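A.B. asks: So that we are looking at the same thing, I have put the structure below in structure tokens.
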Amino acid sequence: MAELKTGDRVRVKERPDYTLSGWEGEVVEVKEDPKGWIIIKADKTGYRMAFPETELDKL
């Protein structure tokens with residue numbers, strides 16, 4: 001997976017029975033500790049949410 005950067009648009013990957021599947025947002029922070037975690041601002045709610053980079057697809 002390509003490394004995400006602040007400002008990138010992303011979508012949460014589809015998983016069965018996962019409420020946040022398909023949600024989109026903008027990367028607002030790439031965490032160094034713990035490495036591999038991304039903070040996004042969700043379009044639906046405006047909340048900042050943390051996800052492992054492996055659970056996000058770049059748009």
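Chain identifiers are assigned as A, B, and so on, following the order in which chains appear in the structure tokens; residues are numbered from 1 within each chain, and ligands are numbered from 1 in order of appearance.
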Which residues, written as an MDAnalysis selection string, have at least one atom at most 9 Å from Leu59 in chain A, with only C-alpha atoms counted and residues fewer than 4 positions away on the same chain left out?

C.D. replies: chainID A and resid 8:11 24

A.B. asks: Put those residues in a file: C-alpha atoms, as a PDB file, in the first residue's frame.

C.D. replies:
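Now in part.pdb:
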ATOM      1  CA  ASP A   8      -5.093  12.569   1.078  1.00  0.00           C
ATOM      2  CA  ARG A   9      -8.694  11.404   0.626  1.00  0.00           C
ATOM      3  CA  VAL A  10      -9.381   7.894   1.930  1.00  0.00           C
ATOM      4  CA  ARG A  11     -12.172   5.316   2.313  1.00  0.00           C
ATOM      5  CA  GLU A  24     -14.712   8.541   3.569  1.00  0.00           C
TER       6      GLU A  24
END

A.B. asks: Where in range 1-56 of chain A does DSSP assign strand (DSSP E or B), given as a PyMOL selection string?

C.D. replies: chain A and resi 9-12+24-32+35-42+48-52+56

A.B. asks: Between A:Thr6, A:Glu14, A:Thr54, A:Ser21, which residue has the minimum interatomic distance to Ile39 in chain A, considering only C-alpha atoms?

C.D. replies: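 When distances to Ile39 in chain A are compared using only C-alpha atoms, the smallest one comes from A:Thr6.
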
A.B. asks: For CA of Tyr47 in chain A and CA of Gly22 in chain A, determine how far apart the two atoms are, in Å to one decimal place.

C.D. replies: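 So the answer is 15.5 Å.
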
A.B. asks: Can you pull out the residues contacting Lys5 in chain A? Cut-off 10 Å, using only C-alpha atoms, and skip same-chain residues under 5 positions away; I want them as a ChimeraX atom specification.

C.D. replies: /A:26-30,38,58

A.B. asks: Take the residues that were just selected and, keeping C-alpha atoms, output them as a PDB file, in the first residue's frame.

C.D. replies:
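For reference, part_3.pdb as written:
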ATOM      1  CA  GLU A  26      -9.400  13.311   4.763  1.00  0.00           C
ATOM      2  CA  VAL A  27      -6.101  12.380   6.396  1.00  0.00           C
ATOM      3  CA  VAL A  28      -5.303  14.991   9.058  1.00  0.00           C
ATOM      4  CA  GLU A  29      -2.371  13.257  10.766  1.00  0.00           C
ATOM      5  CA  VAL A  30       0.018  10.367  10.131  1.00  0.00           C
ATOM      6  CA  ILE A  38      -3.692   7.370  10.487  1.00  0.00           C
ATOM      7  CA  LYS A  58      -6.580   6.015  -0.975  1.00  0.00           C
TER       8      LYS A  58
END

A.B. asks: For each of A:Lys13, A:Trp23, A:Glu3, A:Glu53, take the minimum atom-to-atom distance to Lys41 in chain A, counting only C-alpha atoms, then give the residue where this is smallest.

C.D. replies: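 Of the candidates, the smallest distance to Lys41 in chain A is held by A:Trp23.
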
A.B. asks: What does the distance from CA of Leu4 in chain A to CA of Pro52 in chain A come to in Å, to one decimal?

C.D. replies: 11.0 Å

A.B. asks: Give me, please, the distance in Å between CA of Tyr18 in chain A and CA of Asp33 in chain A, quoted to one decimal.

C.D. replies: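 We find that CA of Tyr18 in chain A and CA of Asp33 in chain A lie 25.3 Å from each other.
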